[in-house]
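Worksheet: one structure, shown below.
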Amino acid sequence: MIPLPRHCFRPIGAKTKPAIARRHAIAALSSLTESMGGLRPPYKRGTDGGSHDRHDPRNESSPYRSWQATQNLDIQRVTQTAIIHELTQQQTRSIERVVPWFLNTMPEPYFRQVPESFRLDHIKAISAIKDANMDMHMNLKTHLPDGRQVLTFIRPGTMPGLLLNMIKELPFTQRSQDYMPLSRVQVFSAEDDSMSLNVFVYGEEGERKFGDVDLTGAHILEYASNLLQGSIGTEDEFGRPHPEPSPTFERENIIAYLEKCSESYITRSDPRRFLKQMQLFEKVTGTDGIAVDIEESYLDSKHGETQYWVDAAFANTLPHFALEQATQLLFLHNFDVQRAHLDNVSDGDNGTITLLRMLVSPVNGARGDEATFNLMKQELKRSKWLTPATMDLVYEQQPWMGVRRGEVITAMCTIMHPIMSKENAIAFSKGNIIETVTKDRYVKHAAAIADLFLDRFHPKGPLSESELERRSDELKKAIDSDVEDTNAQELLFKMIDIVKHTLRTNIYMNNRYALGFRLDPKIMVSSKEKPRDIPYGVFYIHGRRFDGYHVRFRDIARGGLRLVTPSSPEQFSLESAHQYDECYGLAFAQQLKNKDIPEGGSKAVVLVDTIGLSKGGKDFVMRKSVKAFTDTILDLVVDTEETRKEIVDFHGKKEVLYLGPDEQVIPEDINWVIQRAAKRGYDTPAAFMSSKPRAGINHKQYGVTSEGVNVYLDVALKHVLGKDPKQDSFTIKMTGGPDGDVAGNELKILHREYGDNAKIVGIADHSGCAEDPDGLNWDELLRLVTFNLSIDHFDPARLGPNGAVHKVDTESGVKARNSMHNRIEADAFVPAGGRPNTIDVHNYRHFLKADGTPSAPLIVEGANLFVTDEARQALFDDAGIAIVKDSSANKCGVITSSYEICSAMLLSEEEFFENKDQIVKEVLDKLRQLARMEAELLFREFEHYGGSLPQVSKVISDAVNSATDALAIALETFSEQDREKLLPLFRDHLPKTMADMAFDHVRERVPEQYIRNAIASCLGEVIICSRNCFYKDCISSLLVTLFPKQLQN
């Protein structure tokens, strides 16, 4: 027996427990010890060689016990035997009372579905609780032989919300480093409402021990066979309707499905229930959707009230989240969960599908009618994609509001953040905006604005412009008279402006992943910012744990999709305020560099909340965010029967855009996006996202961006420093590691083209930095590139006498890494990695030496936006630094992606793959040719007109883009015969092999809008690069001269 503290056996005083309480405690402990697999004694036995005090009552080697007579061993033995006998009798009486009650009060499915060993543990634990007169409140933890853990929660009563509170207490969430997936749930309520008993199993079930699902699933196969043969009628013996016969229930289909299921799920499933859940599985397999079915329970009733079974299939969803969301939504609608079962079924590459079945009872006057269930189904499908802010608003703060209103309000709050924070960053922080708008005092106005939005875009009767203006004016008057807080007024008025500036939304699409807005870009302009170019279009996407913007500067546009995952709440808040500006800046830079291709510039930046998540949890959330973001974009751009029915369009123009992979987007994302675009009816799905593993041109593998960067570096070294890199030695410092795309490939190209003439004196990346004034060892650098290793893996033994490797695992290492690009002296600095705005107007002087001269007289920007516009100009003005801007230096990546788009439209995947080597060779030749043509033009104009290189670069880009835009307008008025004469321009733009194979089919395979832009782009570049282009004002007169008829308006 486990020793108890001495005070348990002291004489009973006025405030101490009676002897019977001690006996209850011993009995309870004894029973619990057995049901939980034994308890370890609190004191170590004397086996460690230490001395023992015979008078220490805690020393087990001592015969002394405070509850024993010390003079007579016989009395001690009698006393011990008496206590054991009394406790045994007492436990027996308790078990004799508990077992009949337990057998009579637990529902029949409990005994069918819970293993006998678990049931015995439950009885032992409940007997111990009852015997000790304790509340029915206990948690049991059991380890299964295959490593899974079973948690049993026993609670008194069955009050509504009890299960929800229990779920919120569960461990192993995605924020846990020791995360285990929830693989099975069984929820039961005693029929006399005295207790609830819920079982949660964590961890994946091991490999099946049975060999033949024909045997394990025989009861299911027999039922399905009888169903298809029509030998069992339409109802079973309980009056429950059988599922409709379906090809899904053919034997081979069921066997294939059984192979995906766990043994425990198969053996304890009722055949009817199994087939109904199989139907739900089939509805969502391969997707990220949710299917829901609700039916009246034919066997279960409680106090004469009708109960209902809610069945749901959640594709690719965390089981814990699916359970919590469903339970919370049912609680919100006043339905109490009486029983529940959760199982996971494999869905191959799509993850798992969580099957949830819940027996619910209406409470607090709730009604189980069709309207209620339709609303519940709709909101349950939406729950997977709701943001935490939306859930808090509609589930906790304002449950009267409804999900659609809540989504609109929280989305508008996020849209306002980057706009309003420029006016007052503190008052209009993201948290303050949401808190202000949803205050009890003001939330009614926010809800009214959400109603205005919903009515404006209602597919069955959208608001007219006049009605929109009338209702907007009424809302403004109500806000003006009722809201005294000026900040709250500003926010509510801005929400009304957002309604007016929204051109499309998918709010009424039933199966949408996230909430999307096609915005008039003017809404994103703040009164506090300097005037800048207005984009062509902005998409904003509001989803679970992410918010995303897509900004583009032309009707047909192409640009990368990047994920941003801040590591702390503070950093997340900062990124949220700057997210739109980062997206705008990247898209604008893309527009400048896209001057050589038909597509305009665009960018998508998705801010994902992965703070505190485990590595697996972070990856799961990022993959879901990519899916939700891109699918919502498709909602707003595809023209299908579904979108025509459910989306009201106030833009009125077809929109064509293409995405590419950027930071943290992986090949699995690319494949999913392309497949989804095809399924959703996008005109050219293979072109919707570039860099498809098999049918794309992998930028890192072929070094396409770096090929252009190196051409600009070559030309710049000659013009700025008077060095011929083929003949002269020169030094380089870089950011971006050997394992990076641009940096790693630039290292390979530098060594390929210049050998030992190129000396790398410093490299910094996320892991640290390596520096050597004599030049880092080339063999070691190329080893890191080959094996895809970061710079902290540089072997210190390969350093020169003055070299060093600094790692970020020390404070000094972080400081050295962060300052490398400023400290190290070199002929040229090539930022080929790093965050935007690393060098800005506040810190640019750190790039200069103490005497004011530059640490490098030349910068060639391989990374986007590493240096801000203001810093570029300041570095030129103060130190004469020549900077080749990113929009020129790294443009070859976007040109390659454009060729991928053309290939996806003109060639099949097999045709491209069979000719890939030759096509890639031709693409690389064109990249070097285009880069050198612009580089020579850039320095020719710079040397002739002066000014800074970034200014000249922007003038060239603006000139080409202005010409292209004007030509595109003119081409709309051209006759088909005249446009056909210009088509060879587009052919010459393409790689020769691609053109030879498919250009005869260009009219049938490529959208007319794209062909027009391609001709305009090619012609615009020819015009500008062959003439003086320093002032783009000359472009208008030039084009009028060339096309007087077409441009006369």
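Ligands are numbered from 1 in the order shown, chains are lettered A, B, ... in the order of the structure tokens, and residues start at 1 in each chain.
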
Find the residues of region 524-632 of chain A that sit at most 12 Å from region 178-198 of chain A; for each, write down the nearest two atoms and how far apart they are in Å, to one decimal. Count only C-alpha atoms. Sort by chain, then by number going up, and give it as CSV.
residue,atom,partner,partner_atom,distance
A:Leu613,CA,A:Tyr179,CA,9.8
A:Ser614,CA,A:Tyr179,CA,7.6
A:Lys615,CA,A:Tyr179,CA,10.0
A:Gly616,CA,A:Tyr179,CA,8.8
A:Gly617,CA,A:Tyr179,CA,8.8

Discussion item. Can you tell me which residues surround Asp596 (chain A) at a distance of at most 10 Å, considering only C-alpha atoms, apart from same-chain residues fewer than 2 positions away, and format the answer as a ChimeraX atom specification?
Written reply: /A:592-594,598-600,891-892,894-895,898,930-931,934,957,960-961,964,989,1014,1017-1018,1020-1022

Selection to disk with N, CA, C and O atoms, as an mmCIF file, in the first residue's frame:
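Below is the file that was written, again_28.cif:
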data_model
loop_
_atom_site.group_PDB
_atom_site.id
_atom_site.type_symbol
_atom_site.label_atom_id
_atom_site.label_comp_id
_atom_site.auth_asym_id
_atom_site.auth_seq_id
_atom_site.Cartn_x
_atom_site.Cartn_y
_atom_site.Cartn_z
ATOM 1 N N LEU A 592 7.789 47.916 -63.688
ATOM 2 C CA LEU A 592 8.941 48.519 -64.361
ATOM 3 C C LEU A 592 9.782 47.464 -65.076
ATOM 4 O O LEU A 592 10.280 47.692 -66.178
ATOM 5 N N LYS A 593 9.959 46.304 -64.443
ATOM 6 C CA LYS A 593 10.818 45.277 -65.044
ATOM 7 C C LYS A 593 10.071 44.459 -66.107
ATOM 8 O O LYS A 593 10.706 43.768 -66.900
ATOM 9 N N ASN A 594 8.734 44.524 -66.148
ATOM 10 C CA ASN A 594 7.957 43.732 -67.113
ATOM 11 C C ASN A 594 7.843 44.403 -68.472
ATOM 12 O O ASN A 594 7.042 43.985 -69.312
ATOM 13 N N PRO A 598 4.503 40.801 -72.465
ATOM 14 C CA PRO A 598 3.114 41.256 -72.627
ATOM 15 C C PRO A 598 2.403 41.559 -71.321
ATOM 16 O O PRO A 598 1.487 42.396 -71.289
ATOM 17 N N GLU A 599 2.796 40.878 -70.225
ATOM 18 C CA GLU A 599 2.086 41.051 -68.959
ATOM 19 C C GLU A 599 2.595 42.285 -68.214
ATOM 20 O O GLU A 599 3.798 42.572 -68.186
ATOM 21 N N GLY A 600 1.663 42.988 -67.590
ATOM 22 C CA GLY A 600 2.059 44.066 -66.703
ATOM 23 C C GLY A 600 2.550 43.504 -65.381
ATOM 24 O O GLY A 600 2.571 42.292 -65.157
ATOM 25 N N LYS A 891 15.318 41.490 -63.859
ATOM 26 C CA LYS A 891 14.101 41.335 -64.654
ATOM 27 C C LYS A 891 14.018 39.996 -65.381
ATOM 28 O O LYS A 891 12.947 39.601 -65.843
ATOM 29 N N CYS A 892 15.141 39.277 -65.491
ATOM 30 C CA CYS A 892 15.122 38.069 -66.323
ATOM 31 C C CYS A 892 14.255 36.960 -65.732
ATOM 32 O O CYS A 892 13.791 36.081 -66.461
ATOM 33 N N VAL A 894 11.255 37.416 -64.438
ATOM 34 C CA VAL A 894 9.879 37.624 -64.899
ATOM 35 C C VAL A 894 9.753 37.354 -66.393
ATOM 36 O O VAL A 894 8.701 36.916 -66.863
ATOM 37 N N ILE A 895 10.808 37.608 -67.146
ATOM 38 C CA ILE A 895 10.760 37.291 -68.578
ATOM 39 C C ILE A 895 10.617 35.776 -68.767
ATOM 40 O O ILE A 895 9.827 35.306 -69.591
ATOM 41 N N SER A 898 7.156 34.712 -68.096
ATOM 42 C CA SER A 898 6.289 35.054 -69.221
ATOM 43 C C SER A 898 6.399 34.007 -70.323
ATOM 44 O O SER A 898 5.395 33.603 -70.928
ATOM 45 N N LEU A 930 18.483 40.334 -73.995
ATOM 46 C CA LEU A 930 17.618 41.420 -73.540
ATOM 47 C C LEU A 930 18.279 42.216 -72.414
ATOM 48 O O LEU A 930 18.170 43.451 -72.362
ATOM 49 N N ALA A 931 18.961 41.513 -71.492
ATOM 50 C CA ALA A 931 19.619 42.207 -70.392
ATOM 51 C C ALA A 931 20.737 43.108 -70.911
ATOM 52 O O ALA A 931 20.880 44.265 -70.478
ATOM 53 N N GLU A 934 19.380 46.328 -72.682
ATOM 54 C CA GLU A 934 18.934 47.395 -71.784
ATOM 55 C C GLU A 934 20.097 47.963 -70.976
ATOM 56 O O GLU A 934 20.151 49.165 -70.711
ATOM 57 N N SER A 957 11.908 52.428 -68.253
ATOM 58 C CA SER A 957 10.735 51.580 -68.011
ATOM 59 C C SER A 957 9.450 52.321 -68.288
ATOM 60 O O SER A 957 8.523 51.788 -68.924
ATOM 61 N N VAL A 960 8.937 52.725 -72.100
ATOM 62 C CA VAL A 960 8.484 51.497 -72.765
ATOM 63 C C VAL A 960 7.037 51.186 -72.382
ATOM 64 O O VAL A 960 6.212 50.844 -73.239
ATOM 65 N N ASN A 961 6.720 51.311 -71.079
ATOM 66 C CA ASN A 961 5.357 51.004 -70.635
ATOM 67 C C ASN A 961 4.342 51.986 -71.200
ATOM 68 O O ASN A 961 3.217 51.607 -71.552
ATOM 69 N N THR A 964 3.806 51.012 -74.726
ATOM 70 C CA THR A 964 3.032 49.761 -74.788
ATOM 71 C C THR A 964 1.558 50.021 -74.508
ATOM 72 O O THR A 964 0.679 49.503 -75.218
ATOM 73 N N HIS A 989 9.454 37.334 -80.664
ATOM 74 C CA HIS A 989 9.671 37.453 -79.216
ATOM 75 C C HIS A 989 9.850 36.074 -78.577
ATOM 76 O O HIS A 989 10.566 35.943 -77.573
ATOM 77 N N ALA A 1014 0.880 41.539 -76.314
ATOM 78 C CA ALA A 1014 2.195 41.050 -76.743
ATOM 79 C C ALA A 1014 2.725 41.878 -77.911
ATOM 80 O O ALA A 1014 3.906 42.257 -77.941
ATOM 81 N N SER A 1017 3.720 45.314 -76.614
ATOM 82 C CA SER A 1017 4.955 45.266 -75.837
ATOM 83 C C SER A 1017 6.168 45.152 -76.746
ATOM 84 O O SER A 1017 7.165 45.869 -76.558
ATOM 85 N N CYS A 1018 6.100 44.252 -77.707
ATOM 86 C CA CYS A 1018 7.233 44.067 -78.621
ATOM 87 C C CYS A 1018 7.496 45.333 -79.439
ATOM 88 O O CYS A 1018 8.652 45.762 -79.597
ATOM 89 N N GLY A 1020 6.554 48.440 -78.702
ATOM 90 C CA GLY A 1020 6.984 49.529 -77.824
ATOM 91 C C GLY A 1020 8.463 49.444 -77.502
ATOM 92 O O GLY A 1020 9.172 50.461 -77.495
ATOM 93 N N GLU A 1021 8.942 48.240 -77.242
ATOM 94 C CA GLU A 1021 10.357 48.080 -76.919
ATOM 95 C C GLU A 1021 11.234 48.413 -78.118
ATOM 96 O O GLU A 1021 12.284 49.053 -77.990
ATOM 97 N N VAL A 1022 10.797 47.994 -79.309
ATOM 98 C CA VAL A 1022 11.567 48.300 -80.516
ATOM 99 C C VAL A 1022 11.664 49.801 -80.713
ATOM 100 O O VAL A 1022 12.737 50.352 -81.003
#

Item to complete: May I have all residues of region 108-244 of chain A that DSSP, computed from the backbone, assigns to strand (DSSP E or B), given as a ChimeraX atom specification?
Response: /A:138-143,149-156,182-189,195-202,235,241

Could those selected residues go to a file with N, CA, C and O atoms, as a tab-separated table (two decimals), in the first residue's frame?
chain	number	residue	atom	x	y	z
A	138	MET	N	-13.41	13.93	-13.13
A	138	MET	CA	-12.15	13.19	-13.16
A	138	MET	C	-11.63	13.11	-14.59
A	138	MET	O	-12.40	13.01	-15.54
A	139	ASN	N	-10.30	13.14	-14.71
A	139	ASN	CA	-9.62	12.93	-15.98
A	139	ASN	C	-8.75	11.68	-15.87
A	139	ASN	O	-7.98	11.55	-14.91
A	140	LEU	N	-8.88	10.77	-16.83
A	140	LEU	CA	-8.07	9.55	-16.86
A	140	LEU	C	-7.19	9.58	-18.10
A	140	LEU	O	-7.61	10.02	-19.16
A	141	LYS	N	-5.97	9.08	-17.95
A	141	LYS	CA	-5.03	9.05	-19.07
A	141	LYS	C	-4.47	7.64	-19.20
A	141	LYS	O	-3.95	7.08	-18.24
A	142	THR	N	-4.59	7.09	-20.41
A	142	THR	CA	-4.15	5.72	-20.67
A	142	THR	C	-3.27	5.71	-21.91
A	142	THR	O	-3.55	6.43	-22.88
A	143	HIS	N	-2.21	4.90	-21.89
A	143	HIS	CA	-1.35	4.74	-23.06
A	143	HIS	C	-1.66	3.40	-23.72
A	143	HIS	O	-1.68	2.36	-23.05
A	149	GLN	N	-2.44	7.90	-27.08
A	149	GLN	CA	-2.86	8.26	-25.73
A	149	GLN	C	-4.38	8.44	-25.71
A	149	GLN	O	-4.95	9.03	-26.62
A	150	VAL	N	-4.99	7.94	-24.65
A	150	VAL	CA	-6.44	8.02	-24.49
A	150	VAL	C	-6.74	8.87	-23.26
A	150	VAL	O	-6.30	8.56	-22.16
A	151	LEU	N	-7.47	9.94	-23.49
A	151	LEU	CA	-7.90	10.80	-22.39
A	151	LEU	C	-9.39	10.62	-22.18
A	151	LEU	O	-10.17	10.77	-23.14
A	152	THR	N	-9.80	10.29	-20.97
A	152	THR	CA	-11.22	10.17	-20.64
A	152	THR	C	-11.58	11.28	-19.65
A	152	THR	O	-10.95	11.41	-18.61
A	153	PHE	N	-12.59	12.05	-20.02
A	153	PHE	CA	-13.07	13.14	-19.18
A	153	PHE	C	-14.44	12.75	-18.63
A	153	PHE	O	-15.38	12.50	-19.40
A	154	ILE	N	-14.57	12.70	-17.32
A	154	ILE	CA	-15.84	12.41	-16.65
A	154	ILE	C	-16.27	13.68	-15.93
A	154	ILE	O	-15.49	14.25	-15.15
A	155	ARG	N	-17.48	14.13	-16.20
A	155	ARG	CA	-17.97	15.37	-15.59
A	155	ARG	C	-19.39	15.17	-15.08
A	155	ARG	O	-20.18	14.41	-15.67
A	156	PRO	N	-19.76	15.88	-14.01
A	156	PRO	CA	-21.13	15.77	-13.51
A	156	PRO	C	-22.10	16.50	-14.43
A	156	PRO	O	-21.79	17.56	-14.97
A	182	LEU	N	-5.59	14.49	-33.09
A	182	LEU	CA	-6.79	13.87	-32.51
A	182	LEU	C	-7.33	12.89	-33.54
A	182	LEU	O	-7.70	13.28	-34.65
A	183	SER	N	-7.36	11.60	-33.18
A	183	SER	CA	-7.72	10.59	-34.18
A	183	SER	C	-9.10	9.97	-33.94
A	183	SER	O	-9.67	9.38	-34.85
A	184	ARG	N	-9.63	10.06	-32.71
A	184	ARG	CA	-10.96	9.50	-32.46
A	184	ARG	C	-11.57	10.22	-31.26
A	184	ARG	O	-10.87	10.59	-30.32
A	185	VAL	N	-12.87	10.42	-31.33
A	185	VAL	CA	-13.60	11.03	-30.21
A	185	VAL	C	-14.89	10.24	-30.02
A	185	VAL	O	-15.57	9.89	-31.00
A	186	GLN	N	-15.22	9.98	-28.77
A	186	GLN	CA	-16.50	9.35	-28.43
A	186	GLN	C	-17.09	10.12	-27.25
A	186	GLN	O	-16.46	10.22	-26.19
A	187	VAL	N	-18.27	10.66	-27.47
A	187	VAL	CA	-18.93	11.50	-26.46
A	187	VAL	C	-20.24	10.83	-26.06
A	187	VAL	O	-21.07	10.50	-26.92
A	188	PHE	N	-20.42	10.63	-24.74
A	188	PHE	CA	-21.61	9.96	-24.24
A	188	PHE	C	-22.17	10.73	-23.05
A	188	PHE	O	-21.43	11.31	-22.25
A	189	SER	N	-23.49	10.69	-22.93
A	189	SER	CA	-24.17	11.28	-21.77
A	189	SER	C	-25.01	10.21	-21.10
A	189	SER	O	-25.69	9.41	-21.77
A	195	MET	N	-24.19	12.44	-15.56
A	195	MET	CA	-22.80	12.67	-15.92
A	195	MET	C	-22.62	12.57	-17.43
A	195	MET	O	-23.46	12.04	-18.16
A	196	SER	N	-21.46	13.11	-17.89
A	196	SER	CA	-21.03	12.91	-19.28
A	196	SER	C	-19.67	12.23	-19.24
A	196	SER	O	-18.86	12.48	-18.34
A	197	LEU	N	-19.45	11.34	-20.18
A	197	LEU	CA	-18.21	10.59	-20.25
A	197	LEU	C	-17.71	10.67	-21.69
A	197	LEU	O	-18.36	10.16	-22.61
A	198	ASN	N	-16.55	11.32	-21.86
A	198	ASN	CA	-16.04	11.58	-23.20
A	198	ASN	C	-14.63	11.03	-23.35
A	198	ASN	O	-13.78	11.21	-22.47
A	199	VAL	N	-14.38	10.36	-24.47
A	199	VAL	CA	-13.10	9.71	-24.72
A	199	VAL	C	-12.44	10.38	-25.93
A	199	VAL	O	-13.05	10.50	-26.99
A	200	PHE	N	-11.18	10.81	-25.74
A	200	PHE	CA	-10.42	11.46	-26.80
A	200	PHE	C	-9.14	10.66	-27.02
A	200	PHE	O	-8.35	10.47	-26.09
A	201	VAL	N	-8.94	10.19	-28.25
A	201	VAL	CA	-7.76	9.39	-28.58
A	201	VAL	C	-6.83	10.24	-29.43
A	201	VAL	O	-7.23	10.79	-30.46
A	202	TYR	N	-5.56	10.31	-29.02
A	202	TYR	CA	-4.55	11.09	-29.73
A	202	TYR	C	-3.49	10.17	-30.32
A	202	TYR	O	-3.09	9.19	-29.70
A	235	GLU	N	-36.69	1.04	-45.78
A	235	GLU	CA	-36.46	1.39	-44.38
A	235	GLU	C	-35.97	0.17	-43.62
A	235	GLU	O	-36.26	-0.97	-43.99
A	241	PRO	N	-34.73	5.45	-43.01
A	241	PRO	CA	-34.60	5.24	-44.46
A	241	PRO	C	-33.19	4.79	-44.82
A	241	PRO	O	-32.21	5.31	-44.30

Practice prompt. Fewer than 6 positions away in the same chain doesn't count, so skip those; otherwise give me all residues within 10 Å of Thr306 (chain A), counting only C-alpha atoms, as a PyMOL selection string.
Written response: chain A and resi 296-300+360-362+367-368

Output the selection as a PDB file, in the first residue's frame - all heavy atoms for each residue.
ATOM      1  N   GLU A 296     -33.337  13.568 -38.648  1.00  0.00           N
ATOM      2  CA  GLU A 296     -33.953  13.269 -37.353  1.00  0.00           C
ATOM      3  C   GLU A 296     -33.493  11.899 -36.874  1.00  0.00           C
ATOM      4  O   GLU A 296     -33.333  10.972 -37.663  1.00  0.00           O
ATOM      5  CB  GLU A 296     -35.471  13.298 -37.496  1.00  0.00           C
ATOM      6  CG  GLU A 296     -36.220  13.065 -36.186  1.00  0.00           C
ATOM      7  CD  GLU A 296     -37.720  13.150 -36.366  1.00  0.00           C
ATOM      8  OE1 GLU A 296     -38.159  13.893 -37.282  1.00  0.00           O
ATOM      9  OE2 GLU A 296     -38.449  12.466 -35.618  1.00  0.00           O
ATOM     10  N   SER A 297     -33.272  11.802 -35.553  1.00  0.00           N
ATOM     11  CA  SER A 297     -32.881  10.523 -34.979  1.00  0.00           C
ATOM     12  C   SER A 297     -34.122   9.660 -34.781  1.00  0.00           C
ATOM     13  O   SER A 297     -35.084  10.077 -34.139  1.00  0.00           O
ATOM     14  CB  SER A 297     -32.166  10.729 -33.638  1.00  0.00           C
ATOM     15  OG  SER A 297     -31.931   9.487 -33.016  1.00  0.00           O
ATOM     16  N   TYR A 298     -34.081   8.457 -35.328  1.00  0.00           N
ATOM     17  CA  TYR A 298     -35.242   7.567 -35.261  1.00  0.00           C
ATOM     18  C   TYR A 298     -35.221   6.691 -34.017  1.00  0.00           C
ATOM     19  O   TYR A 298     -36.214   6.082 -33.659  1.00  0.00           O
ATOM     20  CB  TYR A 298     -35.294   6.687 -36.507  1.00  0.00           C
ATOM     21  CG  TYR A 298     -35.631   7.454 -37.764  1.00  0.00           C
ATOM     22  CD1 TYR A 298     -34.650   8.188 -38.429  1.00  0.00           C
ATOM     23  CD2 TYR A 298     -36.926   7.471 -38.272  1.00  0.00           C
ATOM     24  CE1 TYR A 298     -34.944   8.903 -39.581  1.00  0.00           C
ATOM     25  CE2 TYR A 298     -37.233   8.178 -39.422  1.00  0.00           C
ATOM     26  CZ  TYR A 298     -36.236   8.902 -40.069  1.00  0.00           C
ATOM     27  OH  TYR A 298     -36.546   9.604 -41.197  1.00  0.00           O
ATOM     28  N   LEU A 299     -34.077   6.598 -33.377  1.00  0.00           N
ATOM     29  CA  LEU A 299     -33.945   5.693 -32.234  1.00  0.00           C
ATOM     30  C   LEU A 299     -33.770   6.427 -30.924  1.00  0.00           C
ATOM     31  O   LEU A 299     -34.011   5.856 -29.865  1.00  0.00           O
ATOM     32  CB  LEU A 299     -32.737   4.763 -32.442  1.00  0.00           C
ATOM     33  CG  LEU A 299     -32.783   3.857 -33.672  1.00  0.00           C
ATOM     34  CD1 LEU A 299     -31.502   3.040 -33.745  1.00  0.00           C
ATOM     35  CD2 LEU A 299     -33.988   2.934 -33.601  1.00  0.00           C
ATOM     36  N   ASP A 300     -33.334   7.655 -30.992  1.00  0.00           N
ATOM     37  CA  ASP A 300     -32.978   8.366 -29.774  1.00  0.00           C
ATOM     38  C   ASP A 300     -33.996   9.464 -29.481  1.00  0.00           C
ATOM     39  O   ASP A 300     -34.356  10.253 -30.348  1.00  0.00           O
ATOM     40  CB  ASP A 300     -31.593   9.004 -29.928  1.00  0.00           C
ATOM     41  CG  ASP A 300     -30.551   7.995 -30.303  1.00  0.00           C
ATOM     42  OD1 ASP A 300     -30.041   7.326 -29.399  1.00  0.00           O
ATOM     43  OD2 ASP A 300     -30.250   7.882 -31.509  1.00  0.00           O
ATOM     44  N   VAL A 360     -27.688  15.618 -31.375  1.00  0.00           N
ATOM     45  CA  VAL A 360     -27.932  16.893 -30.713  1.00  0.00           C
ATOM     46  C   VAL A 360     -29.406  17.022 -30.324  1.00  0.00           C
ATOM     47  O   VAL A 360     -30.293  16.460 -30.971  1.00  0.00           O
ATOM     48  CB  VAL A 360     -27.525  18.083 -31.616  1.00  0.00           C
ATOM     49  CG1 VAL A 360     -26.051  17.985 -31.975  1.00  0.00           C
ATOM     50  CG2 VAL A 360     -28.373  18.142 -32.894  1.00  0.00           C
ATOM     51  N   SER A 361     -29.638  17.803 -29.260  1.00  0.00           N
ATOM     52  CA  SER A 361     -30.992  18.101 -28.779  1.00  0.00           C
ATOM     53  C   SER A 361     -31.184  19.607 -28.748  1.00  0.00           C
ATOM     54  O   SER A 361     -30.292  20.335 -28.282  1.00  0.00           O
ATOM     55  CB  SER A 361     -31.198  17.561 -27.363  1.00  0.00           C
ATOM     56  OG  SER A 361     -31.049  16.167 -27.313  1.00  0.00           O
ATOM     57  N   PRO A 362     -32.316  20.091 -29.232  1.00  0.00           N
ATOM     58  CA  PRO A 362     -32.569  21.535 -29.138  1.00  0.00           C
ATOM     59  C   PRO A 362     -32.826  21.938 -27.685  1.00  0.00           C
ATOM     60  O   PRO A 362     -33.492  21.215 -26.937  1.00  0.00           O
ATOM     61  CB  PRO A 362     -33.813  21.739 -30.013  1.00  0.00           C
ATOM     62  CG  PRO A 362     -34.458  20.394 -30.084  1.00  0.00           C
ATOM     63  CD  PRO A 362     -33.383  19.376 -29.934  1.00  0.00           C
ATOM     64  N   ARG A 367     -35.511  25.470 -32.467  1.00  0.00           N
ATOM     65  CA  ARG A 367     -36.390  24.671 -33.320  1.00  0.00           C
ATOM     66  C   ARG A 367     -35.566  23.926 -34.351  1.00  0.00           C
ATOM     67  O   ARG A 367     -34.656  24.488 -34.963  1.00  0.00           O
ATOM     68  CB  ARG A 367     -37.393  25.577 -34.034  1.00  0.00           C
ATOM     69  CG  ARG A 367     -38.311  26.329 -33.090  1.00  0.00           C
ATOM     70  CD  ARG A 367     -39.233  27.250 -33.853  1.00  0.00           C
ATOM     71  NE  ARG A 367     -40.058  26.531 -34.813  1.00  0.00           N
ATOM     72  CZ  ARG A 367     -40.869  27.130 -35.692  1.00  0.00           C
ATOM     73  NH1 ARG A 367     -40.949  28.451 -35.723  1.00  0.00           N
ATOM     74  NH2 ARG A 367     -41.596  26.399 -36.524  1.00  0.00           N
ATOM     75  N   GLY A 368     -35.897  22.674 -34.543  1.00  0.00           N
ATOM     76  CA  GLY A 368     -35.205  21.862 -35.548  1.00  0.00           C
ATOM     77  C   GLY A 368     -35.928  21.901 -36.870  1.00  0.00           C
ATOM     78  O   GLY A 368     -36.366  20.855 -37.357  1.00  0.00           O
TER      79      GLY A 368
END

Item to complete: Please indicate the distance in Å from CA of Ser573 (chain A) to CA of Ile507 (chain A), rounded to one decimal place.
Response: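 Between CA of Ser573 (chain A) and CA of Ile507 (chain A) the gap works out to 26.3 Å.
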
Item to complete: Do a neighbour search on Leu515 (chain A) at 12 Å with only C-alpha atoms, toss out local chain neighbours closer than 4 positions, and write the hits as a PyMOL selection string.
Response: chain A and resi 382+385-387+390+403-412+504-511+539-544+546-548+628-636

Discussion item. Need the shell around region 774-784 of chain A: protein/DNA/RNA residues with any atom at most 9 Å away, counting only C-alpha atoms. Skip same-chain ones fewer than 3 positions apart. Format as a PyMOL selection string?
Written reply: chain A and resi 731-732+737-739+744+747-748+751+755-756+758-762+770-771+787-791+793-795+798-803
